[in-house]
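Novice: Just passing along the structure, written as C-alpha cells.
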Amino acid sequence: MADDGLDVTVLYDEPRTLLVTTTHRLAGKGSVTPGGFADEPLVACAGMAALWTGFWRLDPRPDGSPAPLGPMLVDTFEDKLEVVADGRAAVLVSADDRRATLRDDLATVPVEGVEPCQVVVATRLADANPFVAHFRESAKRFLVRED
C-alpha cells in the first residue's frame, strides 16, 4: 500500500462487526463468519479508494468470490445507517464505532474470521511541528489497548 505521503503509527487492532437492522435474520446472534452473510450486499460510500472500499465490503470475500453489489453508493456514514435500517444492505463497522448505538433499530453482530481494522495516527510525512511528535508519542502511550 502506498504511503500517500503519510507517516502512520498503528495504535491497536480493532475487530469488525456487522451492522444490521434489528429484524435481520442475524440480529441477536453471538457472532457470525463471512460465510454467514456471504450473499448480503454491504453498502459503500462514494468517493472512497477501491482498496478502502474493498476492505470494508470484504471484497473479495475470504473464499475469493466477489462481494455482491449493494443497492447503492451513499455519501455519508449516516446514509449508510439509513440503508441498513431500511433492510436494503448491511455494513461492516469497527467494534467500538458507537455512532450506530444511538439508534434502536440497528444491531451489531461480532464477525469472526476477518482481518481486524487498525486504529492509527496518520500525519504528514516528516512533519516538523513539535506538537505532532508530542501527539504521536502521547497517542502511543495513552491510546493503546490491553489484550
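Scheme for the C-alpha cells: letters A, B, ... for chains in order shown; per-chain residue numbers from 1; ligand numbers from 1 in order shown.
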Using the chain letters and numbers from this document, which residues of segment 22-145 of chain A does DSSP assign to helix (DSSP H, G or I), as a compact mmCIF listing (two decimals) with C-alpha atoms, in the first residue's frame?
Specialist:
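part_18.txt written:
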```txt
# COMPACT_ATOMS: atom_id res chain seq x y z
CA PRO A 34 -18.22 -14.20 6.46
CA GLY A 35 -19.97 -17.33 5.15
CA GLY A 36 -22.99 -16.41 7.27
CA PHE A 37 -23.54 -13.20 5.33
CA ALA A 50 -11.03 0.96 -4.10
CA LEU A 51 -8.67 -0.56 -1.52
CA TRP A 52 -10.59 1.08 1.35
CA THR A 53 -13.99 0.12 -0.10
CA GLY A 54 -12.83 -3.46 -0.66
CA PHE A 55 -11.62 -3.76 2.93
CA TRP A 56 -14.95 -2.63 4.38
CA ARG A 57 -17.05 -4.66 1.90
CA PHE A 77 -21.99 7.23 7.21
CA GLU A 78 -25.43 8.45 8.25
CA ASP A 79 -26.70 7.49 4.77
CA LYS A 80 -25.26 4.00 5.38
CA LEU A 81 -27.23 3.75 8.59
CA GLU A 82 -30.44 4.61 6.73
CA VAL A 83 -29.82 1.94 4.08
CA VAL A 84 -29.18 -0.63 6.82
CA ALA A 85 -32.25 0.46 8.82
CA ARG A 99 -22.47 6.01 16.10
CA ALA A 100 -24.99 3.24 15.41
CA THR A 101 -25.77 2.76 19.11
CA LEU A 102 -27.75 5.99 19.05
CA PRO A 130 6.87 19.52 17.54
CA PHE A 131 3.21 19.25 18.58
CA VAL A 132 2.75 16.48 16.01
CA ALA A 133 5.60 14.47 17.51
CA HIS A 134 4.24 15.03 21.03
CA PHE A 135 0.75 14.00 19.96
CA ARG A 136 2.08 10.83 18.31
CA GLU A 137 4.01 9.91 21.46
CA SER A 138 1.01 10.65 23.69
CA ALA A 139 -1.23 8.54 21.46
CA LYS A 140 1.23 5.62 21.57
CA ARG A 141 1.32 5.90 25.35
CA PHE A 142 -2.34 6.50 26.21
```
Novice: Would you mind telling me which residue in A:Asp96, A:Glu146, A:Asp75, A:Asp86 lies nearest to Met48 of chain A when using only C-alpha atoms?
Specialist: A:Asp75
Novice: Please identify all polymer residues within 8 Å of segment 110-125 of chain A, counting only C-alpha atoms, omitting same-chain residues fewer than 2 positions from it, and present them as a list in words.
Specialist: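 Returned residues: Gly5, Leu6, Asp7, Val8, Thr9, Val10, Leu11, Tyr12, Asp13, Glu14, Pro15, Arg16, Thr17, Leu18, Gly30, Ser31, Val32, Thr33, Pro34, Pro62, Ser94, Ala95, Thr108, Asp127, Val132, Arg136 and Ala139 of chain A.
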Novice: If you run DSSP over the backbone, which residues in segment 11-137 of chain A end up strand (DSSP E)? Put them as a JSON list (two decimals) with all heavy atoms, in the first residue's frame.
Specialist:
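Written out: selection-v8.json:
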```
[["chain", "number", "residue", "atom", "x", "y", "z"],
["A", 11, "LEU", "N", -1.81, 2.06, 16.44],
["A", 11, "LEU", "CA", -2.00, 2.05, 17.88],
["A", 11, "LEU", "C", -2.51, 0.70, 18.36],
["A", 11, "LEU", "O", -2.03, 0.16, 19.34],
["A", 11, "LEU", "CB", -2.98, 3.15, 18.30],
["A", 11, "LEU", "CG", -2.55, 4.58, 17.94],
["A", 11, "LEU", "CD1", -3.63, 5.56, 18.32],
["A", 11, "LEU", "CD2", -1.21, 4.92, 18.59],
["A", 12, "TYR", "N", -3.52, 0.14, 17.67],
["A", 12, "TYR", "CA", -4.04, -1.17, 18.03],
["A", 12, "TYR", "C", -4.98, -1.68, 16.95],
["A", 12, "TYR", "O", -5.43, -0.93, 16.10],
["A", 12, "TYR", "CB", -4.76, -1.15, 19.39],
["A", 12, "TYR", "CG", -5.92, -0.19, 19.50],
["A", 12, "TYR", "CD1", -7.22, -0.56, 19.15],
["A", 12, "TYR", "CD2", -5.72, 1.10, 19.97],
["A", 12, "TYR", "CE1", -8.28, 0.31, 19.26],
["A", 12, "TYR", "CE2", -6.78, 1.99, 20.09],
["A", 12, "TYR", "CZ", -8.05, 1.59, 19.73],
["A", 12, "TYR", "OH", -9.10, 2.47, 19.84],
["A", 13, "ASP", "N", -5.22, -2.98, 16.99],
["A", 13, "ASP", "CA", -6.19, -3.62, 16.10],
["A", 13, "ASP", "C", -7.55, -3.60, 16.77],
["A", 13, "ASP", "O", -7.65, -3.69, 18.00],
["A", 13, "ASP", "CB", -5.80, -5.08, 15.83],
["A", 13, "ASP", "CG", -4.58, -5.19, 14.93],
["A", 13, "ASP", "OD1", -4.20, -4.19, 14.29],
["A", 13, "ASP", "OD2", -4.02, -6.29, 14.86],
["A", 14, "GLU", "N", -8.58, -3.49, 15.95],
["A", 14, "GLU", "CA", -9.94, -3.50, 16.47],
["A", 14, "GLU", "C", -10.79, -4.43, 15.60],
["A", 14, "GLU", "O", -10.75, -4.34, 14.38],
["A", 14, "GLU", "CB", -10.52, -2.09, 16.44],
["A", 14, "GLU", "CG", -11.90, -2.00, 17.03],
["A", 14, "GLU", "CD", -12.31, -0.55, 17.24],
["A", 14, "GLU", "OE1", -11.75, 0.09, 18.13],
["A", 14, "GLU", "OE2", -13.18, -0.11, 16.50],
["A", 16, "ARG", "N", -13.97, -6.16, 13.64],
["A", 16, "ARG", "CA", -15.08, -5.59, 12.87],
["A", 16, "ARG", "C", -16.37, -6.30, 13.26],
["A", 16, "ARG", "O", -16.37, -7.47, 13.63],
["A", 16, "ARG", "CB", -14.83, -5.75, 11.37],
["A", 16, "ARG", "CG", -13.69, -4.87, 10.90],
["A", 16, "ARG", "CD", -13.56, -4.86, 9.41],
["A", 16, "ARG", "NE", -12.72, -5.96, 8.95],
["A", 16, "ARG", "CZ", -12.48, -6.23, 7.67],
["A", 16, "ARG", "NH1", -13.02, -5.50, 6.72],
["A", 16, "ARG", "NH2", -11.71, -7.24, 7.34],
["A", 17, "THR", "N", -17.47, -5.57, 13.18],
["A", 17, "THR", "CA", -18.78, -6.12, 13.45],
["A", 17, "THR", "C", -19.70, -5.85, 12.27],
["A", 17, "THR", "O", -19.46, -4.92, 11.49],
["A", 17, "THR", "CB", -19.42, -5.53, 14.72],
["A", 17, "THR", "OG1", -19.55, -4.12, 14.56],
["A", 17, "THR", "CG2", -18.58, -5.80, 15.95],
["A", 18, "LEU", "N", -20.72, -6.67, 12.15],
["A", 18, "LEU", "CA", -21.72, -6.49, 11.10],
["A", 18, "LEU", "C", -22.88, -5.70, 11.68],
["A", 18, "LEU", "O", -23.41, -6.05, 12.74],
["A", 18, "LEU", "CB", -22.20, -7.86, 10.61],
["A", 18, "LEU", "CG", -23.14, -7.87, 9.41],
["A", 18, "LEU", "CD1", -22.42, -7.37, 8.15],
["A", 18, "LEU", "CD2", -23.70, -9.26, 9.19],
["A", 19, "LEU", "N", -23.25, -4.64, 11.01],
["A", 19, "LEU", "CA", -24.37, -3.80, 11.43],
["A", 19, "LEU", "C", -25.58, -4.13, 10.57],
["A", 19, "LEU", "O", -25.50, -4.07, 9.33],
["A", 19, "LEU", "CB", -23.99, -2.33, 11.29],
["A", 19, "LEU", "CG", -25.00, -1.30, 11.77],
["A", 19, "LEU", "CD1", -25.23, -1.43, 13.27],
["A", 19, "LEU", "CD2", -24.49, 0.10, 11.43],
["A", 20, "VAL", "N", -26.66, -4.53, 11.23],
["A", 20, "VAL", "CA", -27.89, -4.93, 10.53],
["A", 20, "VAL", "C", -29.09, -4.30, 11.23],
["A", 20, "VAL", "O", -28.98, -3.81, 12.35],
["A", 20, "VAL", "CB", -28.04, -6.48, 10.50],
["A", 20, "VAL", "CG1", -26.95, -7.14, 9.68],
["A", 20, "VAL", "CG2", -28.08, -7.05, 11.92],
["A", 21, "THR", "N", -30.23, -4.37, 10.59],
["A", 21, "THR", "CA", -31.46, -3.92, 11.24],
["A", 21, "THR", "C", -31.83, -4.94, 12.33],
["A", 21, "THR", "O", -31.46, -6.11, 12.25],
["A", 21, "THR", "CB", -32.60, -3.76, 10.21],
["A", 21, "THR", "OG1", -33.75, -3.26, 10.87],
["A", 21, "THR", "CG2", -32.93, -5.05, 9.52],
["A", 44, "ALA", "N", -21.41, 0.78, 0.40],
["A", 44, "ALA", "CA", -20.14, 1.52, 0.43],
["A", 44, "ALA", "C", -20.40, 3.01, 0.24],
["A", 44, "ALA", "O", -21.44, 3.41, -0.29],
["A", 44, "ALA", "CB", -19.21, 1.01, -0.66],
["A", 45, "CYS", "N", -19.44, 3.81, 0.67],
["A", 45, "CYS", "CA", -19.51, 5.26, 0.46],
["A", 45, "CYS", "C", -18.87, 5.62, -0.88],
["A", 45, "CYS", "O", -17.81, 5.08, -1.23],
["A", 45, "CYS", "CB", -18.80, 6.01, 1.57],
["A", 45, "CYS", "SG", -19.74, 6.14, 3.10],
["A", 73, "LEU", "N", -24.48, 3.41, -3.76],
["A", 73, "LEU", "CA", -23.39, 4.04, -3.05],
["A", 73, "LEU", "C", -24.00, 5.21, -2.29],
["A", 73, "LEU", "O", -24.91, 5.86, -2.78],
["A", 73, "LEU", "CB", -22.33, 4.56, -4.02],
["A", 73, "LEU", "CG", -21.51, 3.50, -4.75],
["A", 73, "LEU", "CD1", -20.58, 4.17, -5.75],
["A", 73, "LEU", "CD2", -20.70, 2.68, -3.76],
["A", 74, "VAL", "N", -23.50, 5.47, -1.13],
["A", 74, "VAL", "CA", -24.02, 6.58, -0.33],
["A", 74, "VAL", "C", -22.90, 7.59, -0.11],
["A", 74, "VAL", "O", -21.73, 7.30, -0.33],
["A", 74, "VAL", "CB", -24.60, 6.08, 1.01],
["A", 74, "VAL", "CG1", -25.79, 5.16, 0.78],
["A", 74, "VAL", "CG2", -23.54, 5.37, 1.84],
["A", 91, "VAL", "N", -23.67, -3.44, 6.81],
["A", 91, "VAL", "CA", -22.41, -2.72, 6.73],
["A", 91, "VAL", "C", -21.47, -3.24, 7.80],
["A", 91, "VAL", "O", -21.92, -3.64, 8.88],
["A", 91, "VAL", "CB", -22.62, -1.18, 6.86],
["A", 91, "VAL", "CG1", -23.11, -0.80, 8.23],
["A", 91, "VAL", "CG2", -21.38, -0.40, 6.48],
["A", 92, "LEU", "N", -20.20, -3.30, 7.48],
["A", 92, "LEU", "CA", -19.19, -3.65, 8.47],
["A", 92, "LEU", "C", -18.71, -2.36, 9.13],
["A", 92, "LEU", "O", -18.47, -1.36, 8.44],
["A", 92, "LEU", "CB", -18.00, -4.36, 7.82],
["A", 92, "LEU", "CG", -18.23, -5.82, 7.45],
["A", 92, "LEU", "CD1", -17.07, -6.34, 6.62],
["A", 92, "LEU", "CD2", -18.41, -6.66, 8.69],
["A", 93, "VAL", "N", -18.56, -2.40, 10.44],
["A", 93, "VAL", "CA", -18.04, -1.26, 11.19],
["A", 93, "VAL", "C", -17.03, -1.76, 12.20],
["A", 93, "VAL", "O", -17.00, -2.96, 12.52],
["A", 93, "VAL", "CB", -19.16, -0.47, 11.91],
["A", 93, "VAL", "CG1", -20.12, 0.15, 10.92],
["A", 93, "VAL", "CG2", -19.91, -1.34, 12.89],
["A", 94, "SER", "N", -16.20, -0.87, 12.70],
["A", 94, "SER", "CA", -15.29, -1.26, 13.77],
["A", 94, "SER", "C", -16.10, -1.51, 15.04],
["A", 94, "SER", "O", -17.14, -0.89, 15.27],
["A", 94, "SER", "CB", -14.22, -0.18, 13.99],
["A", 94, "SER", "OG", -14.82, 1.03, 14.36],
["A", 106, "LEU", "N", -31.11, -0.65, 14.97],
["A", 106, "LEU", "CA", -29.93, -1.32, 14.42],
["A", 106, "LEU", "C", -29.29, -2.21, 15.47],
["A", 106, "LEU", "O", -29.37, -1.95, 16.67],
["A", 106, "LEU", "CB", -28.91, -0.28, 13.94],
["A", 106, "LEU", "CG", -29.39, 0.68, 12.85],
["A", 106, "LEU", "CD1", -28.31, 1.71, 12.55],
["A", 106, "LEU", "CD2", -29.79, -0.08, 11.61],
["A", 107, "ALA", "N", -28.64, -3.27, 15.00],
["A", 107, "ALA", "CA", -27.96, -4.22, 15.89],
["A", 107, "ALA", "C", -26.60, -4.56, 15.31],
["A", 107, "ALA", "O", -26.42, -4.58, 14.09],
["A", 107, "ALA", "CB", -28.79, -5.50, 16.03],
["A", 108, "THR", "N", -25.64, -4.85, 16.18],
["A", 108, "THR", "CA", -24.32, -5.27, 15.73],
["A", 108, "THR", "C", -24.12, -6.74, 16.07],
["A", 108, "THR", "O", -24.61, -7.24, 17.09],
["A", 108, "THR", "CB", -23.19, -4.45, 16.39],
["A", 108, "THR", "OG1", -23.32, -4.54, 17.81],
["A", 108, "THR", "CG2", -23.26, -2.99, 15.96],
["A", 109, "VAL", "N", -23.38, -7.43, 15.20],
["A", 109, "VAL", "CA", -23.05, -8.83, 15.38],
["A", 109, "VAL", "C", -21.54, -8.97, 15.18],
["A", 109, "VAL", "O", -21.03, -8.61, 14.11],
["A", 109, "VAL", "CB", -23.79, -9.73, 14.35],
["A", 109, "VAL", "CG1", -23.50, -11.19, 14.61],
["A", 109, "VAL", "CG2", -25.28, -9.44, 14.35],
["A", 110, "PRO", "N", -20.79, -9.46, 16.18],
["A", 110, "PRO", "CA", -19.36, -9.64, 16.00],
["A", 110, "PRO", "C", -19.06, -10.57, 14.82],
["A", 110, "PRO", "O", -19.77, -11.55, 14.60],
["A", 110, "PRO", "CB", -18.91, -10.29, 17.32],
["A", 110, "PRO", "CG", -19.97, -9.91, 18.30],
["A", 110, "PRO", "CD", -21.25, -9.85, 17.51],
["A", 117, "CYS", "N", -9.65, -4.14, 11.75],
["A", 117, "CYS", "CA", -9.22, -2.84, 11.27],
["A", 117, "CYS", "C", -8.17, -2.33, 12.25],
["A", 117, "CYS", "O", -7.95, -2.92, 13.30],
["A", 117, "CYS", "CB", -10.39, -1.87, 11.15],
["A", 117, "CYS", "SG", -11.35, -1.62, 12.64],
["A", 118, "GLN", "N", -7.49, -1.27, 11.88],
["A", 118, "GLN", "CA", -6.46, -0.72, 12.76],
["A", 118, "GLN", "C", -6.78, 0.73, 13.10],
["A", 118, "GLN", "O", -7.22, 1.49, 12.25],
["A", 118, "GLN", "CB", -5.09, -0.77, 12.08],
["A", 118, "GLN", "CG", -4.61, -2.19, 11.86],
["A", 118, "GLN", "CD", -3.24, -2.23, 11.23],
["A", 118, "GLN", "OE1", -2.94, -1.48, 10.32],
["A", 118, "GLN", "NE2", -2.40, -3.12, 11.74],
["A", 119, "VAL", "N", -6.55, 1.06, 14.35],
["A", 119, "VAL", "CA", -6.66, 2.45, 14.80],
["A", 119, "VAL", "C", -5.25, 3.02, 14.70],
["A", 119, "VAL", "O", -4.30, 2.45, 15.24],
["A", 119, "VAL", "CB", -7.22, 2.53, 16.24],
["A", 119, "VAL", "CG1", -7.21, 3.96, 16.74],
["A", 119, "VAL", "CG2", -8.61, 1.93, 16.28],
["A", 120, "VAL", "N", -5.13, 4.13, 14.00],
["A", 120, "VAL", "CA", -3.81, 4.69, 13.71],
["A", 120, "VAL", "C", -3.78, 6.19, 13.96],
["A", 120, "VAL", "O", -4.82, 6.84, 14.03],
["A", 120, "VAL", "CB", -3.39, 4.43, 12.25],
["A", 120, "VAL", "CG1", -3.44, 2.94, 11.91],
["A", 120, "VAL", "CG2", -4.22, 5.23, 11.28],
["A", 121, "VAL", "N", -2.58, 6.71, 14.06],
["A", 121, "VAL", "CA", -2.33, 8.15, 13.96],
["A", 121, "VAL", "C", -1.64, 8.33, 12.63],
["A", 121, "VAL", "O", -0.61, 7.69, 12.36],
["A", 121, "VAL", "CB", -1.43, 8.66, 15.11],
["A", 121, "VAL", "CG1", -1.05, 10.11, 14.86],
["A", 121, "VAL", "CG2", -2.10, 8.50, 16.45],
["A", 122, "ALA", "N", -2.21, 9.16, 11.77],
["A", 122, "ALA", "CA", -1.62, 9.43, 10.46],
["A", 122, "ALA", "C", -1.34, 10.92, 10.35],
["A", 122, "ALA", "O", -2.23, 11.74, 10.56],
["A", 122, "ALA", "CB", -2.57, 8.99, 9.35],
["A", 123, "THR", "N", -0.09, 11.25, 10.06],
["A", 123, "THR", "CA", 0.31, 12.64, 9.90],
["A", 123, "THR", "C", 1.12, 12.77, 8.62],
["A", 123, "THR", "O", 1.51, 11.76, 8.01],
["A", 123, "THR", "CB", 1.17, 13.10, 11.10],
["A", 123, "THR", "OG1", 2.32, 12.26, 11.20],
["A", 123, "THR", "CG2", 0.38, 13.04, 12.40],
["A", 124, "ARG", "N", 1.34, 14.00, 8.21],
["A", 124, "ARG", "CA", 2.17, 14.22, 7.02],
["A", 124, "ARG", "C", 3.57, 13.70, 7.27],
["A", 124, "ARG", "O", 4.13, 13.86, 8.36],
["A", 124, "ARG", "CB", 2.23, 15.71, 6.67],
["A", 124, "ARG", "CG", 0.92, 16.25, 6.16],
["A", 124, "ARG", "CD", 1.09, 17.70, 5.72],
["A", 124, "ARG", "NE", 1.54, 18.52, 6.84],
["A", 124, "ARG", "CZ", 0.74, 19.30, 7.56],
["A", 124, "ARG", "NH1", -0.53, 19.39, 7.29],
["A", 124, "ARG", "NH2", 1.24, 20.01, 8.56]]
```
